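*Asks:* Structure supplied as upload-v7.txt; contents: compact mmCIF, C-alpha atoms.
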```txt
# COMPACT_ATOMS: atom_id res chain seq x y z
CA MET C 631 89.47 57.92 92.79
CA CYS C 632 89.24 57.61 96.55
CA PRO C 633 86.74 59.70 98.52
CA GLU C 634 89.46 61.66 100.35
CA GLU C 635 90.36 63.42 97.12
CA PHE C 636 86.90 64.96 96.97
CA PRO C 637 86.18 66.31 100.44
CA THR C 638 82.54 67.02 99.65
CA PHE C 639 81.90 63.53 98.23
CA GLY C 640 78.68 62.21 99.68
CA LYS C 641 78.06 65.35 101.75
CA ILE C 642 75.14 67.71 101.29
CA MET C 643 76.16 70.89 99.46
CA PRO C 644 76.01 73.69 102.03
CA ILE C 645 74.81 76.42 99.64
CA GLU C 646 71.09 76.98 98.99
CA GLN C 647 69.75 79.31 96.30
CA ASN C 648 66.64 81.52 96.48
CA ILE C 649 65.59 83.58 93.49
CA SER C 650 63.57 86.78 93.75
CA GLY C 651 63.18 88.49 90.39
CA GLU C 652 66.58 89.73 89.34
CA SER C 653 68.07 89.07 92.76
CA LEU C 654 69.61 85.88 93.99
CA GLU C 655 70.16 84.86 97.58
CA LEU C 656 72.89 82.32 98.30
CA MET C 657 72.42 80.88 101.74
CA VAL C 658 75.51 79.24 103.22
CA SER C 659 74.85 76.98 106.17
CA ALA C 660 78.31 75.68 106.84
CA ARG C 661 81.59 76.70 108.39
CA ILE C 662 83.22 78.74 105.64
CA ASP C 663 86.68 77.19 105.58
CA GLY C 664 88.96 77.16 102.52
CA THR C 665 86.98 74.37 100.83
CA VAL C 666 83.59 76.01 101.31
CA ALA C 667 85.07 79.36 100.19
CA ASN C 668 85.88 77.65 96.87
CA GLU C 669 82.33 76.31 96.61
CA LEU C 670 80.97 79.77 97.33
CA GLU C 671 83.13 81.21 94.56
CA VAL C 672 81.78 78.64 92.10
CA ALA C 673 78.20 79.53 93.09
CA ILE C 674 78.88 83.28 92.78
CA LEU C 675 80.50 82.86 89.37
CA ALA C 676 77.48 80.88 88.14
CA ALA C 677 75.14 83.58 89.47
CA ILE C 678 77.11 86.34 87.74
CA LYS C 679 77.06 84.37 84.51
CA GLN C 680 73.27 84.03 84.82
CA GLY C 681 73.04 87.83 84.93
CA TYR C 682 71.61 88.53 88.38
CA GLN C 683 71.56 92.25 89.23
CA ALA C 684 71.97 91.67 92.93
CA ILE C 685 73.49 88.76 94.83
CA TYR C 686 72.92 88.46 98.57
CA VAL C 687 75.08 86.04 100.50
CA ASN C 688 73.00 85.08 103.52
CA LEU C 689 75.36 84.07 106.30
CA ALA C 690 72.90 83.70 109.18
CA GLN C 691 73.78 80.00 109.45
CA ALA C 692 77.53 80.33 108.82
CA THR C 693 79.28 80.01 112.18
CA PHE C 694 82.74 80.61 110.80
CA LEU C 695 84.27 82.81 108.09
CA CYS C 696 87.96 82.53 107.24
CA SER C 697 90.09 84.89 105.18
CA ALA C 698 89.64 82.80 102.02
CA GLY C 699 85.89 83.40 102.31
CA ILE C 700 86.40 87.11 102.89
CA ARG C 701 88.62 87.30 99.82
CA VAL C 702 85.92 85.68 97.67
CA LEU C 703 83.28 88.08 98.98
CA LEU C 704 85.55 91.08 98.50
CA GLN C 705 86.67 90.13 95.00
CA TYR C 706 83.14 89.67 93.67
CA HIS C 707 81.73 92.63 95.63
CA ARG C 708 84.26 94.80 93.76
CA GLN C 709 83.55 93.13 90.44
CA MET C 710 79.78 93.60 90.74
CA LYS C 711 80.16 97.16 92.03
CA GLY C 712 82.34 97.94 89.03
CA LYS C 713 79.44 96.96 86.78
CA GLY C 714 76.91 99.00 88.77
CA LEU C 715 75.54 95.81 90.36
CA LYS C 716 75.44 94.51 93.91
CA LEU C 717 76.94 91.69 95.96
CA LEU C 718 76.49 91.97 99.70
CA VAL C 719 76.42 89.81 102.81
CA SER C 720 72.98 89.67 104.40
CA ARG C 721 72.09 88.63 107.97
CA PRO C 722 75.61 87.81 109.15
CA SER C 723 75.87 85.51 112.15
CA PRO C 724 77.71 87.08 115.14
CA GLU C 725 80.87 85.18 114.19
CA VAL C 726 80.70 86.40 110.57
CA ALA C 727 79.99 89.99 111.63
CA SER C 728 82.96 89.84 113.97
CA ALA C 729 85.27 88.46 111.25
CA LEU C 730 84.25 91.22 108.83
CA GLU C 731 84.65 93.88 111.52
CA MET C 732 88.05 92.55 112.59
CA THR C 733 89.39 92.68 109.03
CA GLY C 734 87.89 96.11 108.34
CA PHE C 735 85.17 95.15 105.84
CA PRO C 736 81.85 96.04 107.44
CA GLU C 737 80.84 97.64 104.08
CA LEU C 738 80.39 94.14 102.70
CA VAL C 739 77.28 93.80 104.86
CA GLU C 740 73.85 94.91 103.61
CA LYS C 741 72.53 97.77 105.73
CA MET Z 1068 92.02 71.68 134.62
CA ASN Z 1069 95.02 70.25 132.74
CA ALA Z 1070 94.88 68.36 129.49
CA GLN Z 1071 97.11 67.57 126.58
CA LEU Z 1072 96.46 66.23 123.11
CA GLU Z 1073 98.83 65.52 120.28
CA LEU Z 1074 97.63 65.10 116.72
CA THR Z 1075 99.33 64.68 113.37
CA LEU Z 1076 97.83 65.60 110.04
CA ALA Z 1077 98.91 65.39 106.43
CA ASN Z 1078 99.14 68.54 104.32
CA GLN Z 1079 95.68 68.11 102.76
CA ARG Z 1080 92.47 70.14 103.08
CA SER Z 1081 90.47 67.11 104.18
CA ALA Z 1082 92.91 66.53 107.04
CA VAL Z 1083 92.46 70.14 108.18
CA ALA Z 1084 88.68 69.71 108.28
CA GLN Z 1085 89.11 66.53 110.30
CA LEU Z 1086 91.42 68.34 112.74
CA GLN Z 1087 88.77 71.01 113.27
CA ASP Z 1088 86.30 68.27 114.23
CA GLN Z 1089 88.81 66.80 116.68
CA LEU Z 1090 89.40 70.22 118.17
CA GLU Z 1091 85.67 70.63 118.64
CA ALA Z 1092 85.50 67.31 120.50
CA PHE Z 1093 88.42 68.35 122.72
CA ALA Z 1094 86.70 71.65 123.51
CA ARG Z 1095 83.43 69.93 124.37
CA GLN Z 1096 85.23 67.36 126.53
CA HIS Z 1097 86.92 70.09 128.57
CA GLY Z 1098 84.06 72.60 128.69
CA LEU Z 1099 85.81 75.34 126.72
CA ALA Z 1100 83.73 78.39 125.83
CA ALA Z 1101 82.34 78.53 122.28
CA ARG Z 1102 84.17 81.79 121.65
CA VAL Z 1103 87.51 80.26 122.68
CA LEU Z 1104 86.97 77.29 120.35
CA HIS Z 1105 85.92 79.53 117.46
CA ASP Z 1106 88.93 81.82 117.80
CA VAL Z 1107 91.41 78.94 118.02
CA GLN Z 1108 89.77 77.19 115.05
CA LEU Z 1109 90.00 80.40 113.04
CA ALA Z 1110 93.68 80.91 113.84
CA LEU Z 1111 94.44 77.27 113.00
CA GLU Z 1112 92.49 77.46 109.75
CA GLU Z 1113 94.48 80.50 108.65
CA HIS Z 1114 97.88 79.13 109.69
CA LEU Z 1115 97.32 75.66 108.23
CA THR Z 1116 96.02 77.17 104.98
CA ASN Z 1117 99.24 79.18 104.74
CA ILE Z 1118 101.31 76.05 105.32
CA LEU Z 1119 99.37 74.10 102.70
CA SER Z 1120 99.52 76.94 100.18
CA TYR Z 1121 103.07 78.19 100.64
CA GLY Z 1122 105.00 75.75 102.77
CA TYR Z 1123 106.16 73.24 100.19
CA ASP Z 1124 107.43 73.16 96.62
CA ASP Z 1125 107.06 69.42 96.12
CA LYS Z 1126 103.94 67.29 95.68
CA LEU Z 1127 104.86 64.98 98.51
CA GLU Z 1128 102.87 64.34 101.63
CA HIS Z 1129 104.16 66.17 104.69
CA GLN Z 1130 103.20 65.73 108.30
CA ILE Z 1131 102.13 68.61 110.49
CA ARG Z 1132 102.14 68.08 114.24
CA ILE Z 1133 99.70 69.77 116.56
CA ARG Z 1134 100.13 69.80 120.34
CA LEU Z 1135 97.29 71.13 122.46
CA GLY Z 1136 98.06 72.06 126.06
CA LEU Z 1137 95.28 73.16 128.36
CA SER Z 1138 96.41 74.64 131.67
CA ALA Z 1139 94.29 77.42 133.13
CA PRO Z 1140 94.25 80.27 132.35
CA GLU Z 1141 95.60 79.36 128.89
CA LEU Z 1142 95.14 77.04 125.97
CA ARG Z 1143 98.37 76.69 124.03
CA VAL Z 1144 98.33 75.21 120.53
CA GLU Z 1145 101.67 74.34 119.01
CA VAL Z 1146 101.91 73.76 115.25
CA GLU Z 1147 105.08 72.17 113.92
CA ASP Z 1148 105.72 71.82 110.18
CA ASP Z 1149 108.74 71.04 108.02
CA GLY Z 1150 107.95 73.54 105.24
CA HIS Z 1151 109.90 76.63 104.19
CA PRO Z 1152 110.97 78.97 107.00
CA PHE Z 1153 107.95 81.13 107.73
CA ASN Z 1154 107.39 83.39 110.71
CA PRO Z 1155 103.89 84.90 110.72
CA LEU Z 1156 104.95 87.38 113.42
CA GLU Z 1157 107.23 89.14 110.96
CA ARG Z 1158 104.46 90.06 108.53
CA PRO Z 1159 103.25 93.69 108.60
CA ALA Z 1160 99.69 94.46 109.68
CA PRO Z 1161 97.27 95.60 106.95
CA ASP Z 1162 96.18 99.25 106.85
CA LEU Z 1163 92.51 99.03 107.75
CA SER Z 1164 91.90 102.74 107.11
CA GLN Z 1165 92.24 102.45 103.34
CA PRO Z 1166 88.96 102.65 101.40
CA ILE Z 1167 87.46 99.25 100.58
CA ASP Z 1168 88.20 99.58 96.87
CA GLU Z 1169 91.89 100.10 97.54
CA ARG Z 1170 92.51 97.55 100.27
CA PRO Z 1171 94.88 94.85 99.06
CA ILE Z 1172 93.56 91.34 99.54
CA GLY Z 1173 96.74 89.83 101.00
CA GLY Z 1174 97.74 89.64 104.66
CA LEU Z 1175 94.24 89.03 105.98
CA GLY Z 1176 94.90 85.57 107.37
CA ILE Z 1177 97.73 86.58 109.66
CA HIS Z 1178 95.80 89.66 110.74
CA MET Z 1179 92.89 87.44 111.75
CA MET Z 1180 95.26 85.20 113.69
CA ARG Z 1181 96.59 88.20 115.63
CA LYS Z 1182 93.09 89.38 116.43
CA ALA Z 1183 91.77 85.94 117.38
CA LEU Z 1184 94.62 85.00 119.71
CA ASP Z 1185 96.03 86.47 122.88
CA GLY Z 1186 99.60 85.78 121.83
CA MET Z 1187 101.86 83.93 119.41
CA GLU Z 1188 105.40 82.64 119.70
CA TYR Z 1189 107.57 81.43 116.85
CA ARG Z 1190 110.82 79.58 116.66
CA ARG Z 1191 112.65 77.60 114.02
CA ALA Z 1192 114.41 74.42 115.16
CA ASP Z 1193 115.76 71.31 113.42
CA GLY Z 1194 114.44 72.45 110.05
CA LYS Z 1195 110.93 72.94 111.42
CA ASN Z 1196 108.67 75.94 111.91
CA ILE Z 1197 107.14 75.91 115.37
CA LEU Z 1198 104.32 78.34 116.01
CA VAL Z 1199 102.65 78.47 119.42
CA MET Z 1200 99.20 80.03 119.59
CA ILE Z 1201 98.03 81.26 122.98
CA LYS Z 1202 94.41 81.77 123.95
CA ARG Z 1203 93.09 82.71 127.38
CA ILE Z 1204 90.27 80.41 128.39
```
What does the file become when written as structure tokens?

*Replies:*
Amino acid sequence: MCPEEFPTFGKIMPIEQNISGESLELMVSARIDGTVANELEVAILAAIKQGYQAIYVNLAQATFLCSAGIRVLLQYHRQMKGKGLKLLVSRPSPEVASALEMTGFPELVEK
Amino acid sequence: MNAQLELTLANQRSAVAQLQDQLEAFARQHGLAARVLHDVQLALEEHLTNILSYGYDDKLEHQIRIRLGLSAPELRVEVEDDGHPFNPLERPAPDLSQPIDERPIGGLGIHMMRKALDGMEYRRADGKNILVMIKRI
């Protein structure tokens, strides 16, 4: 297999996890393009499987959020909400806040 | 300030990421504002993702050509691909007033392109889609 087939080969994973009781914070410090959106989905799915009551996606260090990333956030926000649980964006960078505002999803952000 | 750059990329995610890096270098070289770079990168990310996801039925490698033209007060980015006919300008805008639980997930990418750019032009020629993105600098 050549490295080009695995775009994250050899790179540091851009998602950090911080646990606080039944809450999990996923901190993404990368441009959230299509590839990172997939990685975020994998991390969220693992967190849901581990039974966290609240998942906060900290996007203070994410300088870019594309529609694929918004779709991941929206899908799992709805899924968690449906179970009486929480998935929200915390501390959005200006670029992230603008992307969520422009697509009409400011409710995804923790107040 | 006048500058041009032509780049070609294959229809792969890794090539898109590399293009974004090249765009960043171009922006830095010509002193473009961070906001201008961000908005153009966002529009390109959305459009190229659509091409990669929906443009082709085969598993073959396709080339996508990007032409950057900087001539104050505009940056024009032309994207030429040989995928299925696809005109982003013809897609309807999403209804942002619907409650969050009812909003459909589709159509966000093109909406973001419209918001990020100051204009878009589309034409189809010689079996290619040609989309021009316009951003005031």

*Asks:* Please identify every residue of chain Z that has at least one atom no farther than 10 Å from an atom of chain C, counting all atoms listed in the file, and for each give the shortest atom pair and the distance in Å to one decimal, arranged by chain then increasing number, as a tab-separated table.

*Replies:*
```
residue	atom	partner	partner_atom	distance
Z:Gln1079	CA	C:Glu635	CA	9.1
Z:Arg1080	CA	C:Thr665	CA	7.3
Z:Ser1081	CA	C:Pro637	CA	5.7
Z:Ala1082	CA	C:Glu634	CA	9.0
Z:Val1083	CA	C:Asp663	CA	9.5
Z:Ala1084	CA	C:Asp663	CA	8.2
Z:Arg1102	CA	C:Glu725	CA	8.8
Z:His1105	CA	C:Phe694	CA	7.5
Z:Asp1106	CA	C:Phe694	CA	9.4
Z:Gln1108	CA	C:Phe694	CA	8.9
Z:Leu1109	CA	C:Cys696	CA	6.5
Z:Ala1110	CA	C:Cys696	CA	8.9
Z:Glu1112	CA	C:Asp663	CA	7.2
Z:Glu1113	CA	C:Cys696	CA	7.0
Z:Thr1116	CA	C:Gly664	CA	7.5
Z:Pro1161	CA	C:Thr733	CA	8.7
Z:Asp1162	CA	C:Gly734	CA	9.0
Z:Leu1163	CA	C:Gly734	CA	5.5
Z:Ser1164	CA	C:Gly734	CA	7.8
Z:Gln1165	CA	C:Gly734	CA	9.2
Z:Pro1166	CA	C:Phe735	CA	9.5
Z:Ile1167	CA	C:Phe735	CA	7.1
Z:Asp1168	CA	C:Arg708	CA	6.9
Z:Arg1170	CA	C:Gly734	CA	9.4
Z:Pro1171	CA	C:Arg701	CA	9.8
Z:Ile1172	CA	C:Arg701	CA	6.4
Z:Gly1173	CA	C:Arg701	CA	8.6
Z:Gly1174	CA	C:Ser697	CA	9.0
Z:Leu1175	CA	C:Ser697	CA	5.9
Z:Gly1176	CA	C:Ser697	CA	5.3
Z:Ile1177	CA	C:Ser697	CA	9.0
Z:His1178	CA	C:Thr733	CA	7.3
Z:Met1179	CA	C:Thr733	CA	6.9
Z:Met1180	CA	C:Ser697	CA	10.0
Z:Lys1182	CA	C:Met732	CA	7.1
Z:Ala1183	CA	C:Met732	CA	9.0
```

*Asks:* To one decimal in Å, tell me the separation between atom CA of Leu1135 of chain Z and atom CA of Leu1072 of chain Z.

*Replies:* 5.0 Å

*Asks:* Record the distance separating atom CA of Ser1138 of chain Z and atom CA of Asn1069 of chain Z, expressed in Å with one decimal.

*Replies:*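 Those two atoms sit 4.7 Å apart.
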
*Asks:* Which neighbours of Leu1127 of chain Z fall inside 12 Å, counting only C-alpha atoms, when residues of the same chain fewer than 5 positions from it are skipped, and could you give them as a compact mmCIF listing (two decimals) with C-alpha atoms, in the coordinates of the input?

*Replies:*
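Generated file (selection-v8.txt):
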```txt
# COMPACT_ATOMS: atom_id res chain seq x y z
CA ALA Z 1077 98.91 65.39 106.43
CA ASN Z 1078 99.14 68.54 104.32
CA GLN Z 1079 95.68 68.11 102.76
CA LEU Z 1119 99.37 74.10 102.70
CA GLY Z 1122 105.00 75.75 102.77
CA ASP Z 1149 108.74 71.04 108.02
CA GLY Z 1150 107.95 73.54 105.24
```

*Asks:* Compile the contact shell of segment 713-715 of chain C as a list in words: residues with an atom at most 9 Å away, counting only C-alpha atoms, same-chain residues fewer than 2 positions apart removed.

*Replies:* Tyr682, Gln683, Ala684, Ile685, His707, Arg708, Gln709, Met710, Lys711 and Leu717 of chain C

*Asks:* Please list as a list in words every residue within 10 Å of His1151 of chain Z, counting only C-alpha atoms and excluding residues in the same chain fewer than 5 positions away.

*Replies:*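 After dropping sequence-adjacent residues, the list is Ile1118, Tyr1121, Gly1122, Tyr1123, Asp1124, Gly1194, Lys1195 and Asn1196 of chain Z.
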
*Asks:* May I have the protein, DNA and RNA residues with an atom at most 9 Å from (94.2, 82.1, 121.2), counting only C-alpha atoms in the file's coordinates, returned as a short mmCIF file (atom, residue, chain, number, x, y, z; two decimals) with C-alpha atoms, in the frame of the given file?

*Replies:*
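Below is the file that was written, result-v2.cif:
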```
data_model
loop_
_atom_site.label_atom_id
_atom_site.label_comp_id
_atom_site.auth_asym_id
_atom_site.auth_seq_id
_atom_site.Cartn_x
_atom_site.Cartn_y
_atom_site.Cartn_z
CA VAL Z 1103 87.51 80.26 122.68
CA LEU Z 1104 86.97 77.29 120.35
CA ASP Z 1106 88.93 81.82 117.80
CA VAL Z 1107 91.41 78.94 118.02
CA ALA Z 1110 93.68 80.91 113.84
CA GLU Z 1141 95.60 79.36 128.89
CA LEU Z 1142 95.14 77.04 125.97
CA ARG Z 1143 98.37 76.69 124.03
CA VAL Z 1144 98.33 75.21 120.53
CA MET Z 1180 95.26 85.20 113.69
CA ARG Z 1181 96.59 88.20 115.63
CA LYS Z 1182 93.09 89.38 116.43
CA ALA Z 1183 91.77 85.94 117.38
CA LEU Z 1184 94.62 85.00 119.71
CA ASP Z 1185 96.03 86.47 122.88
CA GLY Z 1186 99.60 85.78 121.83
CA MET Z 1187 101.86 83.93 119.41
CA MET Z 1200 99.20 80.03 119.59
CA ILE Z 1201 98.03 81.26 122.98
CA LYS Z 1202 94.41 81.77 123.95
CA ARG Z 1203 93.09 82.71 127.38
CA ILE Z 1204 90.27 80.41 128.39
#
```

*Asks:* For the atom pair atom CA of Leu1111 of chain Z and atom CA of Val719 of chain C, what is the interatomic distance in Å to one decimal place?

*Replies:* 24.2 Å

*Asks:* With distances taken over all atoms listed in the file, which of C:Leu718, C:Ala692, C:Val739, C:Ile645 is nearest to Glu669 of chain C?

*Replies:*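 So, comparing all the options, the nearest one is C:Ile645.
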